[in-house]
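Student: I am attaching a structure below and will ask some questions about it afterwards.
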Amino acid sequence: SASVFSEDEETQISHFQQYLRIRTAHPDPEYTSAASFLLSLADSIGLQTLTLEFVPNKPLLLLTWLGSDPSLPSILLNSHIDSVPAEPDKWVHPPFSATRDPATGHIYARGAQDDKCIAIQYLEAIRSLKKSGFTPLRSIHISLVPDEEIGGADGSMKFVQSEEFRKLNVGLVLDEGQASLSDEFRVFYADRLPWRMIVKATGSPGHGSRMYDGTAMERLMDCAEAIARFRDCQFDMVKAGIRPASEVISVNPVYMKAGTPSPSGFVMNMQPSEAEMGFDIRLPPTVHLEQLMERINKEWVPAYKNMSYTLIKTGPARDCNGKVLLTPANESNPWWPVFKQAVISSGNKLAKPEILSSTTDARFMRALGIPTFGFSPMASTPILLHDHNEFLKDEVFVKGIKVYESIISALSSFKLASSI
Ligand code: MET
Ligand SMILES: [Zn+2]
Ligand SMILES: [Zn+2]
């Protein structure tokens, strides 16, 4: 049912909608309009702003609220500007309309959950803390980055390698997380590693009517079947409740390409000499890589079957000390109890820390050894990232701002005798 909001809250919701209406979907995200909108919000709050352009036309915004002791390690709040594409015909409201359903309060837009909500929540939380007279001890930075959805090579990867980043002296990063079906917020201490695998098969072409061995299609289908068997085994562990989905290996087919195009579709009486298939693979950070490589070479894509594969791995799998990319979410990490307590004192619940099924820019910060949590305060919300009809309820969005007020004030006031 619809809730009643204050005038300030209505303004916050309207800022969210305005941001959602900017078409930041790949393959041609409107980075310039997004940047000018975000910079004008930052100006209205009185934040310092810096626009970095590591790659032309891919702005990365750095917003700063200076702490009273800027020599202390700072807090960095990260959000990506870009979104995945949407298929408008399959949505109940156009994906860049940010339509707010008056009955439910759902705001429909690509990016509503992933992850434009947090960018505006960071900003509005800071606006409200500033208004209340709060002054941070540590500096707080917001980074608004391009290209996360396509691997981050021209975005966060360049950012963390830059002199500007080094100068921030970041002590803790918060990045995006995922919605929660229950009333407990979720928090993520690691991401799965993102791989892409492209399998190509070649074989003898021939008449569509002929039965013979060694066609490209037959070989590729053998590969797909071997992968499907492995996928079933991994998925069965999830279905049986033995492991969470983020702690198994997922291998999902994402495209198939074969056949000879014709004006009316495809030539049907020819068996093609080439066939190709793409897979999205996600690996738990502690995965046994040798075992998987052996499986790929022996079971999935045996070279003797005239198949080859390409593996694309975007981003680091280990940090500078050769350690897997995990941020301790326990008392050994002094930031953890501060974060956890801040969520609880805002009147909310926090679920047991998890590994994220998908992958975020957090891996670039973790690779530098910087503690990084994934967190998007969306409780009692269906998980709709990259799906049709992505939405966030107005009330959930507004509550998230309050949660960040608590988190930002706690983290930025946190004092510790030792190095951090
Ligand atoms: C491949 S880098 C990550 C891109 C996106 N966030 C995903 O999980 O698919
Ligand atoms: Zn995404
Ligand atoms: Zn995202």
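Each chain of the structure tokens is named A, B, ... in the order shown, its residues numbered from 1; ligands are numbered from 1 in display order.
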Do you know which residues are within 8 Å of ligand 2 using only C-alpha atoms and all ligand atoms? Can you write them as number ranges by chain?
Tutor: A: 83-84, 114-115, 148-149, 360, 385-386
Student: Output C-alpha atoms for every residue in that selection, as an mmCIF file, in the first residue's frame.
Tutor:
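What landed in selection.cif:
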```cif
data_model
loop_
_atom_site.group_PDB
_atom_site.id
_atom_site.type_symbol
_atom_site.label_atom_id
_atom_site.label_comp_id
_atom_site.auth_asym_id
_atom_site.auth_seq_id
_atom_site.Cartn_x
_atom_site.Cartn_y
_atom_site.Cartn_z
ATOM 1 C CA SER A 83 23.492 -0.231 -16.716
ATOM 2 C CA VAL A 84 22.855 -3.352 -18.723
ATOM 3 C CA ASP A 114 21.617 -2.119 -10.038
ATOM 4 C CA ASP A 115 22.815 0.276 -8.854
ATOM 5 C CA GLU A 148 31.335 -1.733 -14.434
ATOM 6 C CA GLU A 149 28.891 -3.833 -16.430
ATOM 7 C CA THR A 360 31.403 -6.044 -8.863
ATOM 8 C CA LEU A 385 19.072 -7.048 -11.408
ATOM 9 C CA HIS A 386 19.462 -7.579 -15.177
#
```
Student: Determine, for each residue of chain A having at least one atom at most 8 Å from an atom of ligand 1, the closest pair of atoms and their separation in Å to one decimal, counting only C-alpha atoms and all ligand atoms; order by chain and ascending number, as CSV.
Tutor:
```
residue,atom,partner,partner_atom_place_in_ligand_line,distance
A:Glu148,CA,ligand 1,4 (C),5.7
A:Glu149,CA,ligand 1,4 (C),4.0
A:Ile150,CA,ligand 1,4 (C),5.6
A:Gly151,CA,ligand 1,2 (S),3.8
A:Gly152,CA,ligand 1,2 (S),6.6
A:Pro194,CA,ligand 1,1 (C),5.2
A:Trp195,CA,ligand 1,1 (C),7.2
A:Thr314,CA,ligand 1,1 (C),6.1
A:Gly315,CA,ligand 1,2 (S),7.7
A:Ser357,CA,ligand 1,8 (O),7.9
A:Ser358,CA,ligand 1,8 (O),4.2
A:Thr359,CA,ligand 1,8 (O),3.9
A:Thr360,CA,ligand 1,6 (N),4.8
A:Asp361,CA,ligand 1,3 (C),7.3
```
Student: Can you check which residues of range 232-389 of chain A DSSP gives as strand (DSSP E or B) on the backbone and send them as a PyMOL selection string?
Tutor: chain A and resi 250-258+261-262+265-266+270-271+274-283+307-313+318+324+349-350+354-356+372-374
Student: Generate the output file for the selected residues, C-alpha atoms, as an mmCIF file, in the first residue's frame.
Tutor:
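Produced file part-v3.cif, reproduced below:
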```
data_model
loop_
_atom_site.group_PDB
_atom_site.id
_atom_site.type_symbol
_atom_site.label_atom_id
_atom_site.label_comp_id
_atom_site.auth_asym_id
_atom_site.auth_seq_id
_atom_site.Cartn_x
_atom_site.Cartn_y
_atom_site.Cartn_z
ATOM 1 C CA SER A 250 27.934 -21.607 -12.401
ATOM 2 C CA VAL A 251 28.270 -22.221 -16.147
ATOM 3 C CA ASN A 252 25.406 -20.723 -18.120
ATOM 4 C CA PRO A 253 25.085 -20.622 -21.920
ATOM 5 C CA VAL A 254 24.514 -17.038 -23.065
ATOM 6 C CA TYR A 255 24.641 -17.251 -26.853
ATOM 7 C CA MET A 256 24.786 -19.671 -29.765
ATOM 8 C CA LYS A 257 25.988 -18.804 -33.220
ATOM 9 C CA ALA A 258 25.865 -21.151 -36.188
ATOM 10 C CA PRO A 261 21.739 -16.861 -42.793
ATOM 11 C CA SER A 262 19.204 -16.402 -45.591
ATOM 12 C CA GLY A 265 16.019 -16.795 -41.588
ATOM 13 C CA PHE A 266 18.548 -19.557 -42.055
ATOM 14 C CA MET A 270 23.031 -27.232 -45.035
ATOM 15 C CA GLN A 271 24.943 -28.505 -42.025
ATOM 16 C CA GLU A 274 31.470 -23.824 -37.903
ATOM 17 C CA ALA A 275 29.499 -23.380 -34.710
ATOM 18 C CA GLU A 276 30.109 -21.268 -31.639
ATOM 19 C CA MET A 277 28.684 -20.923 -28.161
ATOM 20 C CA GLY A 278 29.371 -18.534 -25.288
ATOM 21 C CA PHE A 279 29.198 -19.291 -21.557
ATOM 22 C CA ASP A 280 29.146 -17.071 -18.476
ATOM 23 C CA ILE A 281 31.182 -18.827 -15.799
ATOM 24 C CA ARG A 282 31.384 -17.657 -12.169
ATOM 25 C CA LEU A 283 33.783 -19.192 -9.699
ATOM 26 C CA MET A 307 37.011 -27.709 -30.814
ATOM 27 C CA SER A 308 38.844 -24.820 -29.252
ATOM 28 C CA TYR A 309 38.000 -22.407 -26.493
ATOM 29 C CA THR A 310 38.929 -18.944 -25.348
ATOM 30 C CA LEU A 311 38.727 -17.986 -21.695
ATOM 31 C CA ILE A 312 38.386 -14.316 -20.824
ATOM 32 C CA LYS A 313 39.047 -13.416 -17.212
ATOM 33 C CA ARG A 318 44.382 -12.574 -6.071
ATOM 34 C CA VAL A 324 42.215 -14.668 -2.487
ATOM 35 C CA LYS A 349 18.646 -6.443 10.633
ATOM 36 C CA LEU A 350 21.721 -7.793 8.905
ATOM 37 C CA GLU A 354 27.813 -13.880 2.113
ATOM 38 C CA ILE A 355 29.804 -14.244 -1.073
ATOM 39 C CA LEU A 356 28.112 -12.361 -3.929
ATOM 40 C CA THR A 372 35.442 -3.738 0.865
ATOM 41 C CA PHE A 373 31.851 -4.700 1.602
ATOM 42 C CA GLY A 374 29.042 -5.079 -0.907
#
```
Student: Neighbouring residues of Glu225 in chain A were defined as those with any atom within 12 Å, considering only C-alpha atoms; residues of the same chain fewer than 4 positions away were excluded. Please report them as a list in words.
Tutor: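 After dropping sequence-adjacent residues, the list is Glu218, Arg219, Leu220, Met221, Arg229, Phe230, Arg231, Asp232, Val251, Asn252, Pro253, Glu299, Trp300 and Val301 of chain A.
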Student: Write the residues of the selection above to a file with N, CA and C atoms, as a compact mmCIF listing (two decimals), in the first residue's frame.
Tutor:
```txt
# COMPACT_ATOMS: atom_id res chain seq x y z
N GLU A 218 27.34 -31.21 -34.18
CA GLU A 218 27.38 -32.38 -33.30
C GLU A 218 28.42 -32.18 -32.21
N ARG A 219 29.58 -31.68 -32.61
CA ARG A 219 30.67 -31.49 -31.64
C ARG A 219 30.28 -30.44 -30.60
N LEU A 220 29.70 -29.36 -31.05
CA LEU A 220 29.33 -28.30 -30.11
C LEU A 220 28.22 -28.79 -29.16
N MET A 221 27.32 -29.61 -29.70
CA MET A 221 26.25 -30.14 -28.84
C MET A 221 26.80 -31.11 -27.80
N ARG A 229 25.67 -31.35 -17.87
CA ARG A 229 25.76 -32.35 -16.79
C ARG A 229 26.47 -31.75 -15.58
N PHE A 230 27.57 -31.05 -15.83
CA PHE A 230 28.30 -30.40 -14.73
C PHE A 230 27.41 -29.36 -14.04
N ARG A 231 26.70 -28.60 -14.87
CA ARG A 231 25.81 -27.56 -14.34
C ARG A 231 24.74 -28.16 -13.43
N ASP A 232 24.17 -29.29 -13.87
CA ASP A 232 23.16 -29.97 -13.05
C ASP A 232 23.72 -30.37 -11.69
N VAL A 251 27.90 -22.27 -14.72
CA VAL A 251 28.27 -22.22 -16.15
C VAL A 251 26.96 -22.11 -16.90
N ASN A 252 26.68 -20.93 -17.43
CA ASN A 252 25.41 -20.72 -18.12
C ASN A 252 25.63 -20.32 -19.57
N PRO A 253 24.96 -21.02 -20.51
CA PRO A 253 25.08 -20.62 -21.92
C PRO A 253 24.41 -19.27 -22.13
N GLU A 299 36.90 -32.90 -20.65
CA GLU A 299 35.48 -33.26 -20.78
C GLU A 299 34.69 -32.32 -21.68
N TRP A 300 34.92 -31.02 -21.51
CA TRP A 300 34.07 -30.05 -22.20
C TRP A 300 34.53 -29.77 -23.62
N VAL A 301 35.81 -29.48 -23.76
CA VAL A 301 36.31 -29.03 -25.07
C VAL A 301 37.55 -29.82 -25.47
```
Student: Go through A:Thr260, A:Asn78, A:Asn389, A:Ser332 one by one, measure the shortest atom-to-atom distance of each to ligand 3 using only C-alpha atoms and all ligand atoms, and give the residue with the smallest value.
Tutor: A:Asn78
Student: Of the candidates A:Ser380, A:Gln161, A:Ser346, A:Ser246, which one gets nearest to Leu193 in chain A if we count only C-alpha atoms?
Tutor: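 Looking at the shortest contact to Leu193 in chain A, the residue is A:Ser246.
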Student: Hey, which of A:Phe339, A:Ile249, A:Arg192, A:Thr135 ends up closest to Cys233 in chain A? Count only C-alpha atoms.
Tutor: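 Among the listed residues, the smallest separation from Cys233 in chain A belongs to A:Ile249.
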Student: Please return, as a list in words, all residues of range 311-394 of chain A that DSSP assigns to alpha helix (DSSP H) on the basis of the backbone.
Tutor: Trp335, Trp336, Pro337, Val338, Phe339, Lys340, Gln341, Ala342, Val343, Ile344, Ser345, Ala362, Arg363, Phe364, Met365, Arg366 and Asp394 of chain A
Student: Based on the selection just made, write C-alpha atoms of those residues as a CSV table (one decimal), in the first residue's frame.
Tutor:
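Wrote again00.csv, looks like this:
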```
chain,number,residue,atom,x,y,z
A,335,TRP,CA,35.6,-1.9,10.5
A,336,TRP,CA,33.2,-4.9,10.6
A,337,PRO,CA,31.7,-4.3,14.1
A,338,VAL,CA,31.3,-0.6,13.4
A,339,PHE,CA,29.5,-1.3,10.1
A,340,LYS,CA,27.3,-4.0,11.6
A,341,GLN,CA,26.4,-1.9,14.7
A,342,ALA,CA,25.5,1.1,12.5
A,343,VAL,CA,23.0,-1.1,10.5
A,344,ILE,CA,21.5,-2.4,13.7
A,345,SER,CA,21.2,0.9,15.4
A,362,ALA,CA,34.8,-4.3,-5.3
A,363,ARG,CA,37.4,-6.9,-6.6
A,364,PHE,CA,39.7,-4.1,-7.7
A,365,MET,CA,39.8,-2.5,-4.3
A,366,ARG,CA,40.1,-5.9,-2.5
A,394,ASP,CA,9.8,4.2,-2.9
```
Student: Contacts of Val396 in chain A at 10 Å or less, counting only C-alpha atoms, minus same-chain residues fewer than 3 places along, as a VMD selection string?
Tutor: chain A and resid 105 to 106 117 377 to 381 392 to 393 399 to 401
Student: For Tyr189 in chain A, which residue among A:Pro59, A:Pro94, A:Pro328, A:Pro334 is the nearest when counting only C-alpha atoms?
Tutor: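 Counting only C-alpha atoms, the residue closest to Tyr189 in chain A is A:Pro328.
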Student: Quote the spacing between CA of Thr49 in chain A and CA of Ile140 in chain A in Å to one decimal place.
Tutor: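 Rounded to one decimal, the two atoms are 12.1 Å apart.
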Student: Of the candidates A:Ser409, A:Thr215, A:Gln48, A:Gln113, which one gets nearest to ligand 3 if we count only C-alpha atoms and all ligand atoms?
Tutor: A:Gln113
Student: What gap, in Å, lies between CA of Glu87 in chain A and CA of Leu39 in chain A?
Tutor: 29.0 Å
